[in-house]
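Raw contents of target-v8.tsv, TSV, C-alpha atoms:
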chain	number	residue	atom	x	y	z
A	1	MET	CA	86.35	142.92	203.30
A	2	ASP	CA	87.12	139.41	202.13
A	3	TRP	CA	89.02	139.12	198.83
A	4	SER	CA	87.92	135.50	198.34
A	5	ARG	CA	84.31	136.67	198.45
A	6	ASP	CA	84.46	140.19	197.05
A	7	GLY	CA	87.56	140.26	194.87
A	8	ALA	CA	86.44	138.34	191.79
A	9	ASP	CA	84.46	141.24	190.34
A	10	TRP	CA	86.46	144.07	191.91
A	11	PRO	CA	87.46	146.64	189.27
A	12	ASN	CA	90.89	145.94	187.77
A	13	HIS	CA	91.21	142.87	189.99
A	14	GLY	CA	93.83	141.46	187.59
A	15	ALA	CA	96.19	144.24	188.69
A	16	SER	CA	95.68	143.51	192.41
A	17	ARG	CA	98.26	142.14	194.76
A	18	PHE	CA	98.70	141.92	198.52
A	19	VAL	CA	101.87	143.30	200.04
A	20	GLU	CA	103.17	142.99	203.58
A	21	SER	CA	104.71	146.36	204.38
A	22	ARG	CA	104.90	147.32	208.02
A	23	PRO	CA	102.62	147.73	209.75
A	24	HIS	CA	99.82	146.89	207.29
A	25	ARG	CA	98.88	144.18	204.83
A	26	TRP	CA	98.17	146.30	201.77
A	27	HIS	CA	95.90	145.72	198.85
A	28	VAL	CA	97.50	147.56	195.95
A	29	GLN	CA	96.86	147.62	192.21
A	30	VAL	CA	99.84	148.04	189.90
A	31	ALA	CA	99.59	148.32	186.12
A	32	GLY	CA	101.50	149.70	183.11
A	33	THR	CA	105.09	150.71	182.50
A	34	GLY	CA	106.94	154.01	182.39
A	35	PRO	CA	107.12	156.92	184.85
A	36	ALA	CA	105.21	156.01	188.01
A	37	ILE	CA	102.05	157.70	189.22
A	38	LEU	CA	100.74	157.05	192.74
A	39	LEU	CA	96.94	157.34	193.06
A	40	ILE	CA	95.63	157.99	196.59
A	41	HIS	CA	91.89	157.75	197.24
A	42	GLY	CA	89.99	159.70	199.89
A	43	THR	CA	88.36	158.83	203.21
A	44	GLY	CA	85.79	156.05	202.92
A	45	ALA	CA	86.72	155.11	199.37
A	46	ALA	CA	89.02	152.43	197.94
A	47	THR	CA	90.81	151.51	194.71
A	48	HIS	CA	87.46	151.22	192.95
A	49	SER	CA	87.44	155.03	192.88
A	50	TRP	CA	90.12	154.82	190.15
A	51	ARG	CA	88.38	152.00	188.24
A	52	ASP	CA	88.23	153.88	184.93
A	53	ILE	CA	91.27	156.11	185.40
A	54	LEU	CA	93.80	153.37	186.21
A	55	PRO	CA	93.61	151.59	182.82
A	56	LEU	CA	93.68	154.92	180.97
A	57	LEU	CA	96.87	156.04	182.74
A	58	ALA	CA	98.43	152.58	182.44
A	59	ARG	CA	98.63	153.01	178.67
A	60	THR	CA	101.56	155.37	179.12
A	61	HIS	CA	102.63	155.15	182.78
A	62	ARG	CA	103.16	152.76	185.64
A	63	VAL	CA	100.24	153.23	188.00
A	64	ILE	CA	100.24	152.33	191.69
A	65	ALA	CA	96.90	152.50	193.51
A	66	PRO	CA	96.63	151.21	197.11
A	67	ASP	CA	93.70	150.91	199.46
A	68	LEU	CA	94.51	153.15	202.44
A	69	PRO	CA	94.96	151.48	205.85
A	70	GLY	CA	91.71	149.92	207.05
A	71	HIS	CA	89.97	150.76	203.77
A	72	GLY	CA	88.80	148.28	201.17
A	73	PHE	CA	90.98	145.19	201.32
A	74	THR	CA	93.95	146.70	203.19
A	75	ARG	CA	94.18	145.25	206.69
A	76	LEU	CA	94.90	147.86	209.35
A	77	GLY	CA	98.05	146.80	211.16
A	78	SER	CA	97.90	149.46	213.87
A	79	ARG	CA	95.02	151.63	215.05
A	80	ARG	CA	97.55	154.39	215.71
A	81	ARG	CA	98.64	154.70	212.07
A	82	SER	CA	95.60	156.45	210.56
A	83	SER	CA	96.74	160.04	211.02
A	84	LEU	CA	97.85	162.16	208.07
A	85	PRO	CA	101.62	161.96	208.75
A	86	ALA	CA	101.45	158.25	209.64
A	87	MET	CA	99.61	157.37	206.42
A	88	ALA	CA	102.07	159.42	204.37
A	89	GLU	CA	105.02	157.70	206.03
A	90	ASP	CA	103.49	154.24	205.60
A	91	LEU	CA	102.76	154.91	201.92
A	92	TRP	CA	106.43	155.78	201.38
A	93	THR	CA	107.35	152.54	203.14
A	94	LEU	CA	104.99	150.69	200.79
A	95	CYS	CA	106.63	152.35	197.77
A	96	ASP	CA	110.04	151.31	199.11
A	97	THR	CA	108.80	147.74	199.53
A	98	LEU	CA	107.53	147.75	195.95
A	99	GLY	CA	110.78	149.32	194.71
A	100	GLU	CA	108.88	152.29	193.27
A	101	ARG	CA	109.57	156.04	193.40
A	102	PRO	CA	106.52	157.81	191.95
A	103	THR	CA	107.26	160.93	189.92
A	104	VAL	CA	103.65	162.10	190.23
A	105	LEU	CA	101.52	161.98	193.39
A	106	ALA	CA	97.80	162.29	192.65
A	107	GLY	CA	95.20	162.26	195.40
A	108	HIS	CA	91.46	162.72	195.68
A	109	SER	CA	89.98	164.66	198.61
A	110	ALA	CA	91.92	163.61	201.73
A	111	GLY	CA	94.28	161.73	199.41
A	112	ALA	CA	95.51	165.09	198.14
A	113	ALA	CA	96.50	166.10	201.67
A	114	ILE	CA	98.40	162.81	201.97
A	115	ALA	CA	100.17	163.47	198.65
A	116	LEU	CA	101.30	166.92	199.80
A	117	THR	CA	102.50	165.48	203.11
A	118	MET	CA	104.45	162.78	201.26
A	119	GLU	CA	106.15	165.48	199.19
A	120	ARG	CA	107.04	167.40	202.33
A	121	MET	CA	108.61	164.23	203.77
A	122	ARG	CA	110.56	163.33	200.62
A	123	PRO	CA	110.74	166.25	198.19
A	124	GLY	CA	111.35	165.55	194.53
A	125	ALA	CA	108.05	164.78	192.81
A	126	GLU	CA	107.68	166.23	189.32
A	127	ARG	CA	104.04	167.05	189.95
A	128	ILE	CA	101.36	166.79	192.60
A	129	VAL	CA	97.74	166.60	191.46
A	130	GLY	CA	94.84	167.12	193.84
A	131	LEU	CA	91.28	166.30	192.80
A	132	ASN	CA	88.76	168.24	194.90
A	133	ALA	CA	91.50	168.41	197.51
A	134	ALA	CA	90.34	168.38	201.14
A	135	LEU	CA	92.90	170.83	202.51
A	136	GLY	CA	90.68	172.84	204.83
A	137	SER	CA	89.86	172.15	208.47
A	138	PHE	CA	86.84	172.48	210.72
A	139	ASP	CA	86.34	175.84	212.39
A	140	GLY	CA	85.27	176.68	215.90
A	141	PRO	CA	83.85	173.94	218.16
A	142	ALA	CA	83.73	171.50	215.22
A	143	ALA	CA	87.53	171.48	215.15
A	144	TRP	CA	87.56	169.36	218.32
A	145	LEU	CA	83.98	168.04	218.43
A	146	PHE	CA	83.94	166.06	215.15
A	147	PRO	CA	87.30	164.28	215.64
A	148	SER	CA	86.36	163.58	219.26
A	149	MET	CA	83.09	161.99	218.19
A	150	ALA	CA	84.88	159.86	215.62
A	151	ARG	CA	87.43	158.78	218.24
A	152	ALA	CA	84.66	157.78	220.62
A	153	LEU	CA	82.84	155.79	217.96
A	154	ALA	CA	86.00	154.10	216.70
A	155	ALA	CA	86.91	153.04	220.24
A	156	MET	CA	83.66	151.09	220.72
A	157	PRO	CA	84.13	147.55	219.35
A	158	LEU	CA	80.56	147.07	218.09
A	159	VAL	CA	80.09	150.52	216.58
A	160	PRO	CA	81.55	149.73	213.10
A	161	ILE	CA	79.21	146.73	212.86
A	162	ALA	CA	76.23	148.83	213.93
A	163	VAL	CA	77.09	151.72	211.59
A	164	SER	CA	77.65	149.33	208.70
A	165	GLY	CA	74.30	147.64	209.31
A	166	LEU	CA	72.50	150.96	209.63
A	167	LEU	CA	73.94	152.31	206.39
A	168	ALA	CA	73.04	149.10	204.57
A	169	ALA	CA	69.48	149.03	205.94
A	170	THR	CA	68.72	152.69	205.25
A	171	GLY	CA	70.45	153.13	201.91
A	172	GLY	CA	72.90	155.43	203.62
A	173	SER	CA	75.58	155.06	200.95
A	174	ASP	CA	73.25	156.49	198.30
A	175	GLN	CA	72.46	159.44	200.58
A	176	ILE	CA	76.17	160.04	201.14
A	177	LEU	CA	76.84	159.93	197.40
A	178	HIS	CA	74.01	162.39	196.76
A	179	SER	CA	75.53	164.78	199.29
A	180	THR	CA	78.75	164.94	197.23
A	181	GLY	CA	77.02	166.63	194.30
A	182	SER	CA	78.17	163.84	191.97
A	183	ARG	CA	76.15	161.49	189.80
A	184	ILE	CA	78.13	158.31	189.34
A	185	ASP	CA	77.25	155.17	187.42
A	186	ALA	CA	75.46	152.09	188.74
A	187	THR	CA	78.74	150.20	189.13
A	188	GLY	CA	80.15	152.89	191.37
A	189	ARG	CA	77.01	153.04	193.50
A	190	ARG	CA	77.04	149.25	193.92
A	191	LEU	CA	80.69	149.25	195.01
A	192	TYR	CA	80.17	152.03	197.56
A	193	ARG	CA	77.22	150.07	198.98
A	194	ARG	CA	79.47	147.03	199.30
A	195	LEU	CA	82.10	149.06	201.13
A	196	VAL	CA	79.75	150.48	203.76
A	197	GLN	CA	78.43	146.98	204.43
A	198	ALA	CA	81.93	145.93	205.57
A	199	PRO	CA	82.53	146.74	209.27
A	200	SER	CA	86.31	146.66	208.76
A	201	HIS	CA	86.02	149.39	206.12
A	202	VAL	CA	83.75	151.51	208.34
A	203	GLU	CA	86.25	151.10	211.18
A	204	GLY	CA	89.09	152.22	208.91
A	205	ALA	CA	87.18	155.32	207.86
A	206	LEU	CA	86.30	156.18	211.48
A	207	GLU	CA	89.93	155.76	212.57
A	208	MET	CA	91.05	158.08	209.78
A	209	MET	CA	88.48	160.73	210.69
A	210	ALA	CA	89.36	160.42	214.39
A	211	GLN	CA	93.05	161.10	213.81
A	212	TRP	CA	92.74	163.59	210.95
A	213	SER	CA	94.06	167.14	210.87
A	214	THR	CA	95.17	169.19	207.85
A	215	ARG	CA	96.72	172.02	209.88
A	216	SER	CA	100.25	170.78	209.16
A	217	VAL	CA	99.51	170.71	205.43
A	218	GLY	CA	98.33	174.31	205.40
A	219	ASP	CA	101.43	175.42	207.27
A	220	ALA	CA	103.66	173.54	204.81
A	221	LEU	CA	102.13	174.85	201.56
A	222	PRO	CA	104.54	177.82	201.09
A	223	GLY	CA	107.50	175.44	201.28
A	224	ILE	CA	106.34	172.95	198.63
A	225	ALA	CA	108.38	173.69	195.53
A	226	ALA	CA	106.89	171.04	193.24
A	227	PRO	CA	104.19	172.18	190.81
A	228	VAL	CA	100.75	171.49	192.28
A	229	ARG	CA	97.66	171.27	190.10
A	230	LEU	CA	94.33	171.34	191.92
A	231	LEU	CA	91.41	170.01	189.88
A	232	THR	CA	87.94	171.07	191.04
A	233	GLY	CA	84.33	170.16	190.36
A	234	GLU	CA	82.18	173.28	190.45
A	235	ARG	CA	79.26	171.36	192.00
A	236	ASP	CA	81.32	169.83	194.79
A	237	LYS	CA	79.16	169.97	197.93
A	238	ALA	CA	81.79	168.34	200.15
A	239	VAL	CA	84.85	170.50	199.45
A	240	PRO	CA	83.98	173.82	197.76
A	241	PRO	CA	86.34	174.92	194.95
A	242	GLY	CA	87.30	177.92	197.07
A	243	VAL	CA	89.42	175.59	199.24
A	244	SER	CA	91.63	174.82	196.24
A	245	HIS	CA	91.86	178.47	195.23
A	246	GLU	CA	92.98	179.43	198.73
A	247	ALA	CA	95.58	176.65	198.76
A	248	ALA	CA	96.89	177.54	195.29
A	249	ALA	CA	97.46	181.13	196.41
A	250	ARG	CA	99.79	179.89	199.16
A	251	LEU	CA	101.79	177.53	196.95
A	252	PRO	CA	104.91	178.69	195.08
A	253	ASP	CA	103.67	176.91	191.95
A	254	GLY	CA	99.97	176.23	192.46
A	255	ARG	CA	97.24	176.35	189.85
A	256	VAL	CA	93.53	175.50	189.89
A	257	VAL	CA	91.93	173.75	186.91
A	258	SER	CA	88.14	173.40	186.74
A	259	LEU	CA	86.60	170.12	185.58
A	260	GLY	CA	83.31	171.91	185.02
A	261	ALA	CA	79.88	171.22	186.48
A	262	LEU	CA	80.83	168.07	188.39
A	263	GLY	CA	80.72	167.08	192.05
A	264	HIS	CA	83.16	165.79	194.66
A	265	LEU	CA	83.63	162.53	192.75
A	266	ALA	CA	84.41	164.36	189.52
A	267	HIS	CA	87.10	161.84	188.55
A	268	GLU	CA	84.48	159.08	188.62
A	269	GLU	CA	81.99	161.15	186.62
A	270	ALA	CA	84.51	162.20	183.94
A	271	PRO	CA	87.45	159.77	184.15
A	272	GLU	CA	88.87	160.56	180.70
A	273	ALA	CA	89.07	164.29	181.40
A	274	ALA	CA	90.65	163.68	184.80
A	275	ALA	CA	93.12	161.15	183.38
A	276	ASP	CA	94.13	163.53	180.60
A	277	LEU	CA	94.92	166.24	183.13
A	278	ILE	CA	96.86	163.86	185.38
A	279	ARG	CA	98.74	162.50	182.36
A	280	ALA	CA	99.51	165.95	181.02
A	281	ASP	CA	101.04	166.85	184.36
A	282	ALA	CA	102.96	163.59	184.34
A	283	ASP	CA	104.68	164.14	180.99

Can I see the file as structure tokens?
Amino acid sequence: MDWSRDGADWPNHGASRFVESRPHRWHVQVAGTGPAILLIHGTGAATHSWRDILPLLARTHRVIAPDLPGHGFTRLGSRRRSSLPAMAEDLWTLCDTLGERPTVLAGHSAGAAIALTMERMRPGAERIVGLNAALGSFDGPAAWLFPSMARALAAMPLVPIAVSGLLAATGGSDQILHSTGSRIDATGRRLYRRLVQAPSHVEGALEMMAQWSTRSVGDALPGIAAPVRLLTGERDKAVPPGVSHEAAARLPDGRVVSLGALGHLAHEEAPEAAADLIRADAD
């Protein structure tokens, strides 16, 4: 995506900055003062996912919200750095570059797995908050078939352009949003359409899916001492609430909190409720 073309009306664009932190050129939004909260979006999303939550949290906290490598406006510096441990490591490097040490790590979907991996790498967070946390893995043949397909697609230079064009022509982003069980506002739908029309963003999402595995997170759950709060939408069609309940049972201090009859993008449907829960855990 091109900031000169797409940045003027990007949500919270006044908080945006670009940071060179090896190996990527990050787009990150920073706002507010006080204890720091790191917000980590999920696969295929970007900072716009926090468009209503960021200003709410910034009233009382310092909020740091990056686009993940290859997503949104963050330029992917290495195609080999889209795995779960690599992203976690690179996010810590970004925090070091910014001179920040977040006390709360909050992630949506795959972002929750990244947050837990960051805590495993550098223990000491006061809280970890997962919103419809994608902590499960594919079973059976899908465990190798889906990542293999993503790797094959990501390796073909013209595929991101073709996928982006197909999604734009067929209204694919709206179909994807419908499959999450969420009903988000017109602004959110417009921004997701803009993202899938950007081949660089599609490439970033494919690279992430190709290199993704949550097995290490599951194995590490019993050793995570920090309190972990897993927020769920009961209508989530992408990551059923049962995934969070299973994870909480394996954590020393894990608890599931329902956001009610919302879908996978519950934090976009009910940003005030989600922000209140993140803030409560941050105090």

Sorted by chain and rising residue number, which residues of region 41-121 of chain A lie within 10 Å of region 6-23 of chain A, and what are their closest atom pairs and distances in Å to one decimal, counting all atoms listed in the file, as CSV?
residue,atom,partner,partner_atom,distance
A:Thr47,CA,A:Pro11,CA,8.0
A:His48,CA,A:Pro11,CA,5.9
A:Ser49,CA,A:Pro11,CA,9.1
A:Trp50,CA,A:Pro11,CA,8.6
A:Arg51,CA,A:Pro11,CA,5.5
A:Asp52,CA,A:Pro11,CA,8.5
A:Leu54,CA,A:Asn12,CA,8.1
A:Pro55,CA,A:Asn12,CA,8.0
A:Val63,CA,A:Ala15,CA,9.9
A:Ile64,CA,A:Ala15,CA,9.5
A:Ala65,CA,A:Ser16,CA,9.1
A:Pro66,CA,A:Ser16,CA,9.1
A:Pro69,CA,A:Pro23,CA,9.4
A:Phe73,CA,A:Gly7,CA,8.8
A:Thr74,CA,A:Phe18,CA,8.2
A:Arg75,CA,A:Pro23,CA,9.3
A:Leu76,CA,A:Pro23,CA,7.7
A:Gly77,CA,A:Pro23,CA,4.9
A:Ser78,CA,A:Pro23,CA,6.5
A:Arg81,CA,A:Pro23,CA,8.4
A:Asp90,CA,A:Arg22,CA,7.5
A:Leu91,CA,A:Ser21,CA,9.1
A:Thr93,CA,A:Ser21,CA,6.8
A:Leu94,CA,A:Ser21,CA,5.6
A:Cys95,CA,A:Ser21,CA,9.1
A:Asp96,CA,A:Ser21,CA,9.0
A:Thr97,CA,A:Ser21,CA,6.5
A:Leu98,CA,A:Val19,CA,8.3

Using all atoms listed in the file - which residues lie no farther than 12 Å from the point (105.6, 162.8, 200.0) in the file's frame? Write them as a short mmCIF file (atom, residue, chain, number, x, y, z; two decimals) with C-alpha atoms, keeping the file's coordinate frame.
data_model
loop_
_atom_site.label_atom_id
_atom_site.label_comp_id
_atom_site.auth_asym_id
_atom_site.auth_seq_id
_atom_site.Cartn_x
_atom_site.Cartn_y
_atom_site.Cartn_z
CA LEU A 38 100.74 157.05 192.74
CA ILE A 40 95.63 157.99 196.59
CA LEU A 84 97.85 162.16 208.07
CA PRO A 85 101.62 161.96 208.75
CA ALA A 86 101.45 158.25 209.64
CA MET A 87 99.61 157.37 206.42
CA ALA A 88 102.07 159.42 204.37
CA GLU A 89 105.02 157.70 206.03
CA ASP A 90 103.49 154.24 205.60
CA LEU A 91 102.76 154.91 201.92
CA TRP A 92 106.43 155.78 201.38
CA THR A 93 107.35 152.54 203.14
CA CYS A 95 106.63 152.35 197.77
CA ARG A 101 109.57 156.04 193.40
CA PRO A 102 106.52 157.81 191.95
CA THR A 103 107.26 160.93 189.92
CA VAL A 104 103.65 162.10 190.23
CA LEU A 105 101.52 161.98 193.39
CA ALA A 106 97.80 162.29 192.65
CA GLY A 107 95.20 162.26 195.40
CA GLY A 111 94.28 161.73 199.41
CA ALA A 112 95.51 165.09 198.14
CA ALA A 113 96.50 166.10 201.67
CA ILE A 114 98.40 162.81 201.97
CA ALA A 115 100.17 163.47 198.65
CA LEU A 116 101.30 166.92 199.80
CA THR A 117 102.50 165.48 203.11
CA MET A 118 104.45 162.78 201.26
CA GLU A 119 106.15 165.48 199.19
CA ARG A 120 107.04 167.40 202.33
CA MET A 121 108.61 164.23 203.77
CA ARG A 122 110.56 163.33 200.62
CA PRO A 123 110.74 166.25 198.19
CA GLY A 124 111.35 165.55 194.53
CA ALA A 125 108.05 164.78 192.81
CA GLU A 126 107.68 166.23 189.32
CA ARG A 127 104.04 167.05 189.95
CA ILE A 128 101.36 166.79 192.60
CA VAL A 217 99.51 170.71 205.43
CA ALA A 220 103.66 173.54 204.81
CA ILE A 224 106.34 172.95 198.63
CA ALA A 226 106.89 171.04 193.24
#

query = Between CA of Ser200 (chain A) and CA of His71 (chain A), what is the spacing in Å?
reply = 7.4 Å

inquiry  = Between CA of Ala238 (chain A) and CA of Met209 (chain A), what distance in Å does the model show, to one decimal?
reply    = 14.6 Å

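Our summary of the geometry notes that CA of Leu206 (chain A) is positioned 20.5 Å from CA of Arg189 (chain A).
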
Contacts of region 174-181 of chain A within 10 Å, all atoms listed in the file, excl. fewer than 2 positions in-chain, as a PDB file with C-alpha atoms, in the coordinates of the input:
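selection.pdb, freshly written:
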ATOM      1  CA  LEU A 167      73.940 152.310 206.390  1.00  0.00           C
ATOM      2  CA  ALA A 168      73.040 149.100 204.570  1.00  0.00           C
ATOM      3  CA  THR A 170      68.720 152.690 205.250  1.00  0.00           C
ATOM      4  CA  GLY A 171      70.450 153.130 201.910  1.00  0.00           C
ATOM      5  CA  GLY A 172      72.900 155.430 203.620  1.00  0.00           C
ATOM      6  CA  ARG A 183      76.150 161.490 189.800  1.00  0.00           C
ATOM      7  CA  ILE A 184      78.130 158.310 189.340  1.00  0.00           C
ATOM      8  CA  GLY A 188      80.150 152.890 191.370  1.00  0.00           C
ATOM      9  CA  ARG A 189      77.010 153.040 193.500  1.00  0.00           C
ATOM     10  CA  ARG A 190      77.040 149.250 193.920  1.00  0.00           C
ATOM     11  CA  TYR A 192      80.170 152.030 197.560  1.00  0.00           C
ATOM     12  CA  ARG A 193      77.220 150.070 198.980  1.00  0.00           C
ATOM     13  CA  GLY A 233      84.330 170.160 190.360  1.00  0.00           C
ATOM     14  CA  GLU A 234      82.180 173.280 190.450  1.00  0.00           C
ATOM     15  CA  ARG A 235      79.260 171.360 192.000  1.00  0.00           C
ATOM     16  CA  ASP A 236      81.320 169.830 194.790  1.00  0.00           C
ATOM     17  CA  LYS A 237      79.160 169.970 197.930  1.00  0.00           C
ATOM     18  CA  ALA A 238      81.790 168.340 200.150  1.00  0.00           C
ATOM     19  CA  VAL A 239      84.850 170.500 199.450  1.00  0.00           C
ATOM     20  CA  ALA A 261      79.880 171.220 186.480  1.00  0.00           C
ATOM     21  CA  LEU A 262      80.830 168.070 188.390  1.00  0.00           C
ATOM     22  CA  GLY A 263      80.720 167.080 192.050  1.00  0.00           C
ATOM     23  CA  HIS A 264      83.160 165.790 194.660  1.00  0.00           C
ATOM     24  CA  LEU A 265      83.630 162.530 192.750  1.00  0.00           C
ATOM     25  CA  ALA A 266      84.410 164.360 189.520  1.00  0.00           C
TER      26      ALA A 266
END

Just want the 8 Å neighbourhood of His201 (chain A), counted on all atoms listed in the file, with same-chain residues fewer than 2 positions away dropped. Output as a short mmCIF file (atom, residue, chain, number, x, y, z; two decimals) with C-alpha atoms, keeping the file's coordinate frame.
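What ended up in part_27.cif:
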data_model
loop_
_atom_site.label_atom_id
_atom_site.label_comp_id
_atom_site.auth_asym_id
_atom_site.auth_seq_id
_atom_site.Cartn_x
_atom_site.Cartn_y
_atom_site.Cartn_z
CA MET A 1 86.35 142.92 203.30
CA GLY A 44 85.79 156.05 202.92
CA GLY A 70 91.71 149.92 207.05
CA HIS A 71 89.97 150.76 203.77
CA GLY A 72 88.80 148.28 201.17
CA LEU A 195 82.10 149.06 201.13
CA VAL A 196 79.75 150.48 203.76
CA ALA A 198 81.93 145.93 205.57
CA PRO A 199 82.53 146.74 209.27
CA GLU A 203 86.25 151.10 211.18
CA GLY A 204 89.09 152.22 208.91
CA ALA A 205 87.18 155.32 207.86
#

task = Considering all atoms listed in the file, return as a list in words whatever protein or nucleic-acid residues lie within 8 Å of His267 (chain A), sequence-local ones (same chain, fewer than 5 positions apart) excluded.
result = Trp50, Ile53, Leu131, Ala273, Ala274 and Ala275 of chain A
